[in-house]
$ cat input.pdb   # PDB, C-alpha atoms and all ligand atoms
ATOM      1  CA  MET A   1      26.576 -74.822 -33.219  1.00  0.00           C
ATOM      2  CA  GLN A   2      28.989 -75.712 -35.990  1.00  0.00           C
ATOM      3  CA  ASP A   3      28.213 -79.011 -37.720  1.00  0.00           C
ATOM      4  CA  HIS A   4      31.303 -80.361 -39.479  1.00  0.00           C
ATOM      5  CA  PHE A   5      29.441 -83.604 -40.102  1.00  0.00           C
ATOM      6  CA  LYS A   6      26.328 -82.347 -41.873  1.00  0.00           C
ATOM      7  CA  ASP A   7      27.510 -83.489 -45.309  1.00  0.00           C
ATOM      8  CA  LYS A   8      28.881 -86.771 -43.999  1.00  0.00           C
ATOM      9  CA  ALA A   9      25.862 -87.912 -41.969  1.00  0.00           C
ATOM     10  CA  GLN A  10      23.827 -89.318 -44.874  1.00  0.00           C
ATOM     11  CA  ASN A  11      26.477 -91.891 -45.816  1.00  0.00           C
ATOM     12  CA  TRP A  12      28.185 -92.295 -42.431  1.00  0.00           C
ATOM     13  CA  ASP A  13      27.012 -95.884 -41.980  1.00  0.00           C
ATOM     14  CA  SER A  14      27.866 -96.958 -45.565  1.00  0.00           C
ATOM     15  CA  GLY A  15      30.868 -99.144 -46.133  1.00  0.00           C
ATOM     16  CA  ASP A  16      32.636-101.495 -43.794  1.00  0.00           C
ATOM     17  CA  ILE A  17      35.426 -99.422 -42.254  1.00  0.00           C
ATOM     18  CA  ARG A  18      33.340 -97.463 -39.738  1.00  0.00           C
ATOM     19  CA  VAL A  19      30.808-100.232 -39.073  1.00  0.00           C
ATOM     20  CA  ASN A  20      33.492-102.880 -38.468  1.00  0.00           C
ATOM     21  CA  GLY A  21      35.624-100.368 -36.573  1.00  0.00           C
ATOM     22  CA  ALA A  22      32.786 -99.673 -34.137  1.00  0.00           C
ATOM     23  CA  LYS A  23      32.215-103.417 -33.647  1.00  0.00           C
ATOM     24  CA  ILE A  24      35.902-103.933 -32.831  1.00  0.00           C
ATOM     25  CA  ILE A  25      35.766-101.056 -30.315  1.00  0.00           C
ATOM     26  CA  ALA A  26      32.578-102.425 -28.708  1.00  0.00           C
ATOM     27  CA  ASP A  27      34.117-105.906 -28.400  1.00  0.00           C
ATOM     28  CA  ALA A  28      37.287-104.443 -26.850  1.00  0.00           C
ATOM     29  CA  ILE A  29      35.227-102.399 -24.359  1.00  0.00           C
ATOM     30  CA  GLU A  30      33.240-105.478 -23.360  1.00  0.00           C
ATOM     31  CA  LYS A  31      36.469-107.386 -22.727  1.00  0.00           C
ATOM     32  CA  GLU A  32      37.841-104.633 -20.472  1.00  0.00           C
ATOM     33  CA  ILE A  33      34.719-103.459 -18.655  1.00  0.00           C
ATOM     34  CA  GLN A  34      32.127-105.498 -16.835  1.00  0.00           C
ATOM     35  CA  LEU A  35      28.972-104.007 -18.356  1.00  0.00           C
ATOM     36  CA  SER A  36      25.688-104.640 -16.543  1.00  0.00           C
ATOM     37  CA  LYS A  37      21.983-104.095 -16.957  1.00  0.00           C
ATOM     38  CA  ASP A  38      21.838-101.407 -14.258  1.00  0.00           C
ATOM     39  CA  MET A  39      24.314 -99.090 -15.989  1.00  0.00           C
ATOM     40  CA  GLU A  40      23.635 -95.736 -17.615  1.00  0.00           C
ATOM     41  CA  ILE A  41      26.326 -94.996 -20.170  1.00  0.00           C
ATOM     42  CA  LEU A  42      27.174 -91.831 -22.108  1.00  0.00           C
ATOM     43  CA  ASP A  43      28.510 -92.148 -25.671  1.00  0.00           C
ATOM     44  CA  PHE A  44      30.494 -88.968 -26.293  1.00  0.00           C
ATOM     45  CA  GLY A  45      30.320 -87.974 -29.983  1.00  0.00           C
ATOM     46  CA  VAL A  46      27.668 -90.640 -30.493  1.00  0.00           C
ATOM     47  CA  GLY A  47      27.144 -89.722 -34.161  1.00  0.00           C
ATOM     48  CA  THR A  48      24.735 -92.157 -35.799  1.00  0.00           C
ATOM     49  CA  GLY A  49      25.162 -94.565 -32.887  1.00  0.00           C
ATOM     50  CA  LEU A  50      27.564 -97.061 -34.477  1.00  0.00           C
ATOM     51  CA  LEU A  51      29.173 -97.780 -31.097  1.00  0.00           C
ATOM     52  CA  GLY A  52      26.253 -96.923 -28.811  1.00  0.00           C
ATOM     53  CA  PHE A  53      23.786 -99.328 -30.436  1.00  0.00           C
ATOM     54  CA  ARG A  54      26.258-102.206 -29.918  1.00  0.00           C
ATOM     55  CA  ILE A  55      26.611-101.399 -26.224  1.00  0.00           C
ATOM     56  CA  ALA A  56      22.911-100.608 -25.622  1.00  0.00           C
ATOM     57  CA  PRO A  57      21.669-104.242 -25.250  1.00  0.00           C
ATOM     58  CA  LYS A  58      24.240-104.868 -22.478  1.00  0.00           C
ATOM     59  CA  VAL A  59      23.248-101.943 -20.229  1.00  0.00           C
ATOM     60  CA  LYS A  60      20.152-100.187 -18.868  1.00  0.00           C
ATOM     61  CA  GLN A  61      20.410 -97.099 -21.087  1.00  0.00           C
ATOM     62  CA  VAL A  62      22.868 -95.520 -23.496  1.00  0.00           C
ATOM     63  CA  TYR A  63      22.711 -91.740 -23.735  1.00  0.00           C
ATOM     64  CA  GLY A  64      24.495 -90.000 -26.579  1.00  0.00           C
ATOM     65  CA  ILE A  65      25.805 -86.473 -26.942  1.00  0.00           C
ATOM     66  CA  ASP A  66      26.698 -84.867 -30.245  1.00  0.00           C
ATOM     67  CA  THR A  67      27.002 -81.406 -31.785  1.00  0.00           C
ATOM     68  CA  SER A  68      25.794 -82.588 -35.202  1.00  0.00           C
ATOM     69  CA  GLU A  69      22.065 -82.331 -35.810  1.00  0.00           C
ATOM     70  CA  LYS A  70      22.365 -84.351 -39.025  1.00  0.00           C
ATOM     71  CA  MET A  71      24.265 -87.230 -37.378  1.00  0.00           C
ATOM     72  CA  LEU A  72      21.627 -87.326 -34.635  1.00  0.00           C
ATOM     73  CA  GLU A  73      18.835 -87.401 -37.241  1.00  0.00           C
ATOM     74  CA  LYS A  74      20.387 -90.611 -38.619  1.00  0.00           C
ATOM     75  CA  LEU A  75      20.617 -91.978 -35.077  1.00  0.00           C
ATOM     76  CA  GLU A  76      16.916 -91.240 -34.432  1.00  0.00           C
ATOM     77  CA  GLU A  77      15.998 -93.203 -37.594  1.00  0.00           C
ATOM     78  CA  LYS A  78      17.678 -96.254 -36.055  1.00  0.00           C
ATOM     79  CA  ASN A  79      15.949 -95.973 -32.647  1.00  0.00           C
ATOM     80  CA  LYS A  80      13.279 -98.592 -32.054  1.00  0.00           C
ATOM     81  CA  PRO A  81      11.362 -99.806 -28.991  1.00  0.00           C
ATOM     82  CA  GLY A  82      13.712-101.834 -26.808  1.00  0.00           C
ATOM     83  CA  LEU A  83      16.840-100.504 -28.522  1.00  0.00           C
ATOM     84  CA  GLU A  84      16.996 -96.773 -28.150  1.00  0.00           C
ATOM     85  CA  ILE A  85      19.698 -94.189 -27.508  1.00  0.00           C
ATOM     86  CA  LYS A  86      18.583 -90.997 -25.747  1.00  0.00           C
ATOM     87  CA  ALA A  87      20.429 -88.183 -27.453  1.00  0.00           C
ATOM     88  CA  TYR A  88      21.508 -84.732 -26.299  1.00  0.00           C
ATOM     89  CA  HIS A  89      22.210 -82.263 -29.096  1.00  0.00           C
ATOM     90  CA  GLN A  90      24.859 -80.161 -27.408  1.00  0.00           C
ATOM     91  CA  ASP A  91      28.573 -79.529 -26.978  1.00  0.00           C
ATOM     92  CA  ILE A  92      29.700 -81.347 -23.849  1.00  0.00           C
ATOM     93  CA  ILE A  93      32.380 -78.725 -23.170  1.00  0.00           C
ATOM     94  CA  LYS A  94      30.504 -75.476 -23.842  1.00  0.00           C
ATOM     95  CA  GLU A  95      27.280 -76.775 -22.309  1.00  0.00           C
ATOM     96  CA  PRO A  96      28.215 -79.546 -19.825  1.00  0.00           C
ATOM     97  CA  LEU A  97      25.670 -82.122 -18.734  1.00  0.00           C
ATOM     98  CA  THR A  98      24.603 -82.184 -15.099  1.00  0.00           C
ATOM     99  CA  LYS A  99      23.686 -85.891 -15.093  1.00  0.00           C
ATOM    100  CA  GLN A 100      26.175 -88.470 -13.839  1.00  0.00           C
ATOM    101  CA  PHE A 101      26.764 -91.770 -15.651  1.00  0.00           C
ATOM    102  CA  ASP A 102      28.248 -95.144 -14.730  1.00  0.00           C
ATOM    103  CA  GLY A 103      30.615 -94.863 -17.660  1.00  0.00           C
ATOM    104  CA  LEU A 104      31.576 -92.917 -20.775  1.00  0.00           C
ATOM    105  CA  ILE A 105      32.358 -94.566 -24.086  1.00  0.00           C
ATOM    106  CA  SER A 106      33.614 -92.827 -27.202  1.00  0.00           C
ATOM    107  CA  SER A 107      34.705 -93.761 -30.695  1.00  0.00           C
ATOM    108  CA  MET A 108      36.911 -91.591 -32.931  1.00  0.00           C
ATOM    109  CA  THR A 109      35.754 -88.294 -31.406  1.00  0.00           C
ATOM    110  CA  LEU A 110      38.551 -87.179 -29.085  1.00  0.00           C
ATOM    111  CA  HIS A 111      40.630 -85.833 -31.986  1.00  0.00           C
ATOM    112  CA  HIS A 112      37.825 -83.309 -32.550  1.00  0.00           C
ATOM    113  CA  VAL A 113      38.243 -81.889 -29.027  1.00  0.00           C
ATOM    114  CA  GLU A 114      40.464 -78.808 -29.006  1.00  0.00           C
ATOM    115  CA  ASN A 115      41.274 -78.585 -25.296  1.00  0.00           C
ATOM    116  CA  LEU A 116      41.866 -81.980 -23.713  1.00  0.00           C
ATOM    117  CA  ASP A 117      42.360 -80.540 -20.220  1.00  0.00           C
ATOM    118  CA  THR A 118      38.923 -78.945 -20.272  1.00  0.00           C
ATOM    119  CA  PHE A 119      37.403 -82.098 -21.700  1.00  0.00           C
ATOM    120  CA  PHE A 120      38.749 -84.492 -19.061  1.00  0.00           C
ATOM    121  CA  LYS A 121      38.046 -82.023 -16.254  1.00  0.00           C
ATOM    122  CA  THR A 122      34.446 -81.739 -17.497  1.00  0.00           C
ATOM    123  CA  ILE A 123      33.718 -85.415 -17.985  1.00  0.00           C
ATOM    124  CA  HIS A 124      35.186 -86.248 -14.586  1.00  0.00           C
ATOM    125  CA  THR A 125      32.150 -84.461 -13.130  1.00  0.00           C
ATOM    126  CA  ASN A 126      29.810 -86.557 -15.305  1.00  0.00           C
ATOM    127  CA  ILE A 127      31.090 -89.942 -14.111  1.00  0.00           C
ATOM    128  CA  LYS A 128      29.921 -91.552 -10.876  1.00  0.00           C
ATOM    129  CA  GLU A 129      32.500 -92.617  -8.295  1.00  0.00           C
ATOM    130  CA  ASN A 130      34.228 -95.803  -9.525  1.00  0.00           C
ATOM    131  CA  GLY A 131      32.683 -95.281 -12.948  1.00  0.00           C
ATOM    132  CA  PHE A 132      34.737 -95.805 -16.086  1.00  0.00           C
ATOM    133  CA  ILE A 133      35.829 -94.176 -19.311  1.00  0.00           C
ATOM    134  CA  ALA A 134      36.578 -96.168 -22.470  1.00  0.00           C
ATOM    135  CA  ILE A 135      37.804 -93.962 -25.293  1.00  0.00           C
ATOM    136  CA  ALA A 136      38.970 -95.193 -28.690  1.00  0.00           C
ATOM    137  CA  ASP A 137      40.828 -93.010 -31.158  1.00  0.00           C
ATOM    138  CA  LEU A 138      43.799 -92.865 -33.514  1.00  0.00           C
ATOM    139  CA  GLN A 139      47.403 -93.250 -32.508  1.00  0.00           C
ATOM    140  CA  SER A 140      49.601 -90.343 -33.634  1.00  0.00           C
ATOM    141  CA  GLU A 141      49.373 -89.990 -37.406  1.00  0.00           C
ATOM    142  CA  ASP A 142      50.785 -87.669 -40.070  1.00  0.00           C
ATOM    143  CA  GLY A 143      47.587 -85.711 -40.736  1.00  0.00           C
ATOM    144  CA  SER A 144      46.594 -87.819 -43.717  1.00  0.00           C
ATOM    145  CA  PHE A 145      43.824 -89.849 -42.059  1.00  0.00           C
ATOM    146  CA  HIS A 146      41.156 -87.295 -42.995  1.00  0.00           C
ATOM    147  CA  SER A 147      40.987 -85.894 -46.516  1.00  0.00           C
ATOM    148  CA  ASP A 148      39.834 -82.607 -44.951  1.00  0.00           C
ATOM    149  CA  ASN A 149      41.175 -81.691 -41.517  1.00  0.00           C
ATOM    150  CA  THR A 150      38.526 -79.054 -40.720  1.00  0.00           C
ATOM    151  CA  GLY A 151      37.518 -79.583 -37.081  1.00  0.00           C
ATOM    152  CA  VAL A 152      40.409 -81.984 -36.463  1.00  0.00           C
ATOM    153  CA  TYR A 153      42.494 -80.667 -33.554  1.00  0.00           C
ATOM    154  CA  HIS A 154      44.816 -83.644 -33.058  1.00  0.00           C
ATOM    155  CA  PHE A 155      46.525 -85.852 -35.602  1.00  0.00           C
ATOM    156  CA  GLY A 156      45.927 -88.817 -33.339  1.00  0.00           C
ATOM    157  CA  PHE A 157      47.456 -89.148 -29.895  1.00  0.00           C
ATOM    158  CA  ASP A 158      50.586 -90.310 -28.213  1.00  0.00           C
ATOM    159  CA  ALA A 159      49.082 -92.811 -25.779  1.00  0.00           C
ATOM    160  CA  GLU A 160      51.601 -92.048 -23.014  1.00  0.00           C
ATOM    161  CA  ASN A 161      50.823 -88.301 -23.102  1.00  0.00           C
ATOM    162  CA  LEU A 162      47.132 -89.042 -22.958  1.00  0.00           C
ATOM    163  CA  VAL A 163      47.572 -91.331 -19.948  1.00  0.00           C
ATOM    164  CA  GLN A 164      49.229 -88.477 -18.062  1.00  0.00           C
ATOM    165  CA  ILE A 165      46.414 -86.036 -18.822  1.00  0.00           C
ATOM    166  CA  VAL A 166      43.776 -88.578 -17.808  1.00  0.00           C
ATOM    167  CA  GLN A 167      45.578 -89.269 -14.503  1.00  0.00           C
ATOM    168  CA  LYS A 168      45.909 -85.531 -13.841  1.00  0.00           C
ATOM    169  CA  TYR A 169      42.120 -85.155 -13.911  1.00  0.00           C
ATOM    170  CA  GLY A 170      41.336 -87.867 -11.360  1.00  0.00           C
ATOM    171  CA  PHE A 171      41.250 -91.195 -13.177  1.00  0.00           C
ATOM    172  CA  LYS A 172      43.204 -94.270 -12.080  1.00  0.00           C
ATOM    173  CA  ASP A 173      44.067 -97.684 -13.504  1.00  0.00           C
ATOM    174  CA  VAL A 174      44.612 -96.052 -16.874  1.00  0.00           C
ATOM    175  CA  LYS A 175      45.364 -98.571 -19.593  1.00  0.00           C
ATOM    176  CA  THR A 176      45.871 -98.222 -23.340  1.00  0.00           C
ATOM    177  CA  GLN A 177      46.017-100.956 -25.936  1.00  0.00           C
ATOM    178  CA  ASN A 178      46.054-101.142 -29.713  1.00  0.00           C
ATOM    179  CA  ILE A 179      42.830-102.724 -30.882  1.00  0.00           C
ATOM    180  CA  ASN A 180      42.561-102.110 -34.626  1.00  0.00           C
ATOM    181  CA  THR A 181      44.416-101.129 -37.776  1.00  0.00           C
ATOM    182  CA  ILE A 182      42.546 -99.091 -40.371  1.00  0.00           C
ATOM    183  CA  SER A 183      44.107 -99.668 -43.780  1.00  0.00           C
ATOM    184  CA  LYS A 184      43.736 -96.870 -46.299  1.00  0.00           C
ATOM    185  CA  PRO A 185      45.303 -97.084 -49.767  1.00  0.00           C
ATOM    186  CA  HIS A 186      48.245 -94.818 -48.803  1.00  0.00           C
ATOM    187  CA  ARG A 187      49.006 -96.201 -45.307  1.00  0.00           C
ATOM    188  CA  ASP A 188      47.767 -97.931 -42.166  1.00  0.00           C
ATOM    189  CA  PHE A 189      46.416 -96.163 -39.067  1.00  0.00           C
ATOM    190  CA  GLU A 190      46.402 -97.662 -35.582  1.00  0.00           C
ATOM    191  CA  VAL A 191      43.432 -97.333 -33.234  1.00  0.00           C
ATOM    192  CA  PHE A 192      43.851 -97.534 -29.454  1.00  0.00           C
ATOM    193  CA  LEU A 193      41.404 -98.013 -26.598  1.00  0.00           C
ATOM    194  CA  LEU A 194      42.061 -96.122 -23.358  1.00  0.00           C
ATOM    195  CA  THR A 195      40.241 -97.346 -20.272  1.00  0.00           C
ATOM    196  CA  ALA A 196      40.328 -95.877 -16.769  1.00  0.00           C
ATOM    197  CA  GLN A 197      38.346 -95.675 -13.563  1.00  0.00           C
ATOM    198  CA  LYS A 198      37.255 -92.551 -11.718  1.00  0.00           C
ATOM    199  CA  ASN A 199      39.152 -92.131  -8.430  1.00  0.00           C
TER     200      ASN A 199
HETATM  201  C1  LIG B   1      34.270 -88.990 -36.239  1.00  0.00           C
HETATM  202  S1  LIG B   1      32.625 -88.798 -35.657  1.00  0.00           S
HETATM  203  C2  LIG B   1      32.405 -90.333 -34.773  1.00  0.00           C
HETATM  204  C3  LIG B   1      30.955 -90.723 -34.633  1.00  0.00           C
HETATM  205  C4  LIG B   1      30.738 -92.089 -33.936  1.00  0.00           C
HETATM  206  N1  LIG B   1      31.289 -92.099 -32.606  1.00  0.00           N
HETATM  207  C5  LIG B   1      31.315 -93.218 -34.772  1.00  0.00           C
HETATM  208  O1  LIG B   1      32.296 -93.836 -34.326  1.00  0.00           O
HETATM  209  O2  LIG B   1      30.764 -93.476 -35.853  1.00  0.00           O
HETATM  210  C6  LIG B   1      32.779 -87.597 -34.381  1.00  0.00           C
HETATM  211  C7  LIG B   1      31.459 -87.116 -33.806  1.00  0.00           C
HETATM  212  O3  LIG B   1      31.719 -86.312 -32.651  1.00  0.00           O
HETATM  213  C8  LIG B   1      30.876 -85.155 -32.658  1.00  0.00           C
HETATM  214  N2  LIG B   1      31.521 -84.110 -31.830  1.00  0.00           N
HETATM  215  C9  LIG B   1      32.684 -83.473 -32.073  1.00  0.00           C
HETATM  216  N3  LIG B   1      32.959 -82.599 -31.076  1.00  0.00           N
HETATM  217  C10 LIG B   1      31.958 -82.716 -30.162  1.00  0.00           C
HETATM  218  C11 LIG B   1      31.658 -82.072 -28.899  1.00  0.00           C
HETATM  219  N4  LIG B   1      32.451 -81.138 -28.388  1.00  0.00           N
HETATM  220  N5  LIG B   1      30.529 -82.443 -28.223  1.00  0.00           N
HETATM  221  C12 LIG B   1      29.706 -83.390 -28.744  1.00  0.00           C
HETATM  222  N6  LIG B   1      29.920 -84.012 -29.946  1.00  0.00           N
HETATM  223  C13 LIG B   1      31.025 -83.690 -30.644  1.00  0.00           C
HETATM  224  C14 LIG B   1      30.716 -84.847 -34.142  1.00  0.00           C
HETATM  225  O4  LIG B   1      29.580 -84.085 -34.430  1.00  0.00           O
HETATM  226  C15 LIG B   1      30.654 -86.254 -34.765  1.00  0.00           C
HETATM  227  O5  LIG B   1      29.347 -86.760 -34.878  1.00  0.00           O
END
$ encode --input "input.pdb" --output "structure tokens"
Amino acid sequence: MQDHFKDKAQNWDSGDIRVNGAKIIADAIEKEIQLSKDMEILDFGVGTGLLGFRIAPKVKQVYGIDTSEKMLEKLEEKNKPGLEIKAYHQDIIKEPLTKQFDGLISSMTLHHVENLDTFFKTIHTNIKENGFIAIADLQSEDGSFHSDNTGVYHFGFDAENLVQIVQKYGFKDVKTQNINTISKPHRDFEVFLLTAQKN
């Protein structure tokens, strides 16, 4: 499995941009979705758990899936009794999970997914009836967000296009909203949250 994040994992949690960004996404998810202590949630592209660990205290169990062994090693270092993410080291598209979850959360990972149709078709099978998805990522950008675009398949997303794809694969009540602006020295980048319910 290719690991585009092996050199980034060590310092992934350093600095404020990612840590604060994950907090803003978690707060926005909590505002939109009624989380409860009986829920099992999947964090797609969980990485070091920046989003998952914020959601974990509100639900029964957060599971994470990630293709990067090194990112998951950092996540495991942060696991402790009472606050633990159960991680799958696999590609959700090439090796889909059979388990069903009450909801799927995701932060800044969708732009690494080459085929969105396959992705949404796959995850639809992993969500229980009336379960939710809450996916945060970049609005359309000019390709300058990452200094190296290896493994980046989308320069952000046009929210309206994404809504149509999500509806096509059996989700309803699809909503997008801008939740954050990431300021880099050369320009600002907008982050959206898409939420929807499985039909
Ligand atoms: C930009 S990082 C975001 C990590 C974390 N969600 C955060 O906000 O800090 C994207 C993560 O998605 C993972 N990833 C990319 N494609 C994936 C796939 N098809 N299945 C599982 N994980 C994937 C990468 O290994 C990486 O850890």
$ resolve_selection --input "input.pdb" --expression "the PyMOL selection byres (((chain A and resi 87) around 9) and not hetatm)" --output "PyMOL selection string"
chain A and resi 46+62-66+72+75-76+85-86+88-89
$ residues_near_ligand --input "input.pdb" --ligand "ligand LIG 1 (chain B)" --cutoff "7 Å" --atoms "only C-alpha atoms and all ligand atoms" --output "CSV table (one decimal) with C-alpha atoms, in the frame of the given file"
chain,number,residue,atom,x,y,z
A,3,ASP,CA,28.2,-79.0,-37.7
A,4,HIS,CA,31.3,-80.4,-39.5
A,5,PHE,CA,29.4,-83.6,-40.1
A,18,ARG,CA,33.3,-97.5,-39.7
A,22,ALA,CA,32.8,-99.7,-34.1
A,44,PHE,CA,30.5,-89.0,-26.3
A,45,GLY,CA,30.3,-88.0,-30.0
A,46,VAL,CA,27.7,-90.6,-30.5
A,47,GLY,CA,27.1,-89.7,-34.2
A,48,THR,CA,24.7,-92.2,-35.8
A,49,GLY,CA,25.2,-94.6,-32.9
A,50,LEU,CA,27.6,-97.1,-34.5
A,51,LEU,CA,29.2,-97.8,-31.1
A,65,ILE,CA,25.8,-86.5,-26.9
A,66,ASP,CA,26.7,-84.9,-30.2
A,67,THR,CA,27.0,-81.4,-31.8
A,68,SER,CA,25.8,-82.6,-35.2
A,71,MET,CA,24.3,-87.2,-37.4
A,90,GLN,CA,24.9,-80.2,-27.4
A,91,ASP,CA,28.6,-79.5,-27.0
A,92,ILE,CA,29.7,-81.3,-23.8
A,93,ILE,CA,32.4,-78.7,-23.2
A,106,SER,CA,33.6,-92.8,-27.2
A,107,SER,CA,34.7,-93.8,-30.7
A,108,MET,CA,36.9,-91.6,-32.9
A,109,THR,CA,35.8,-88.3,-31.4
A,112,HIS,CA,37.8,-83.3,-32.6
A,113,VAL,CA,38.2,-81.9,-29.0
$ atom_distance --input "input.pdb" --atom1 "CA of Lys184 (chain A)" --atom2 "CA of Ile17 (chain A)"
9.6 Å
$ axis_aligned_box --input "input.pdb" --around "region 137-147 of chain A" --padding-each-side "3 Å" --output "lines of an AutoDock Vina configuration file"
center_x = 45.8
center_y = -89.5
center_z = -38.8
size_x = 16.0
size_y = 13.5
size_z = 21.4
$ closest_residue --input "input.pdb" --among "A:Asp38, A:Asp102, A:Glu30, A:Asp158" --to "Ser140 (chain A)" --atoms "all atoms listed in the file"
A:Asp158
$ closest_residue --input "input.pdb" --among "A:Ile165, A:Ile105, A:Val59, A:Val152" --to "Phe119 (chain A)" --atoms "all atoms listed in the file"
A:Ile165
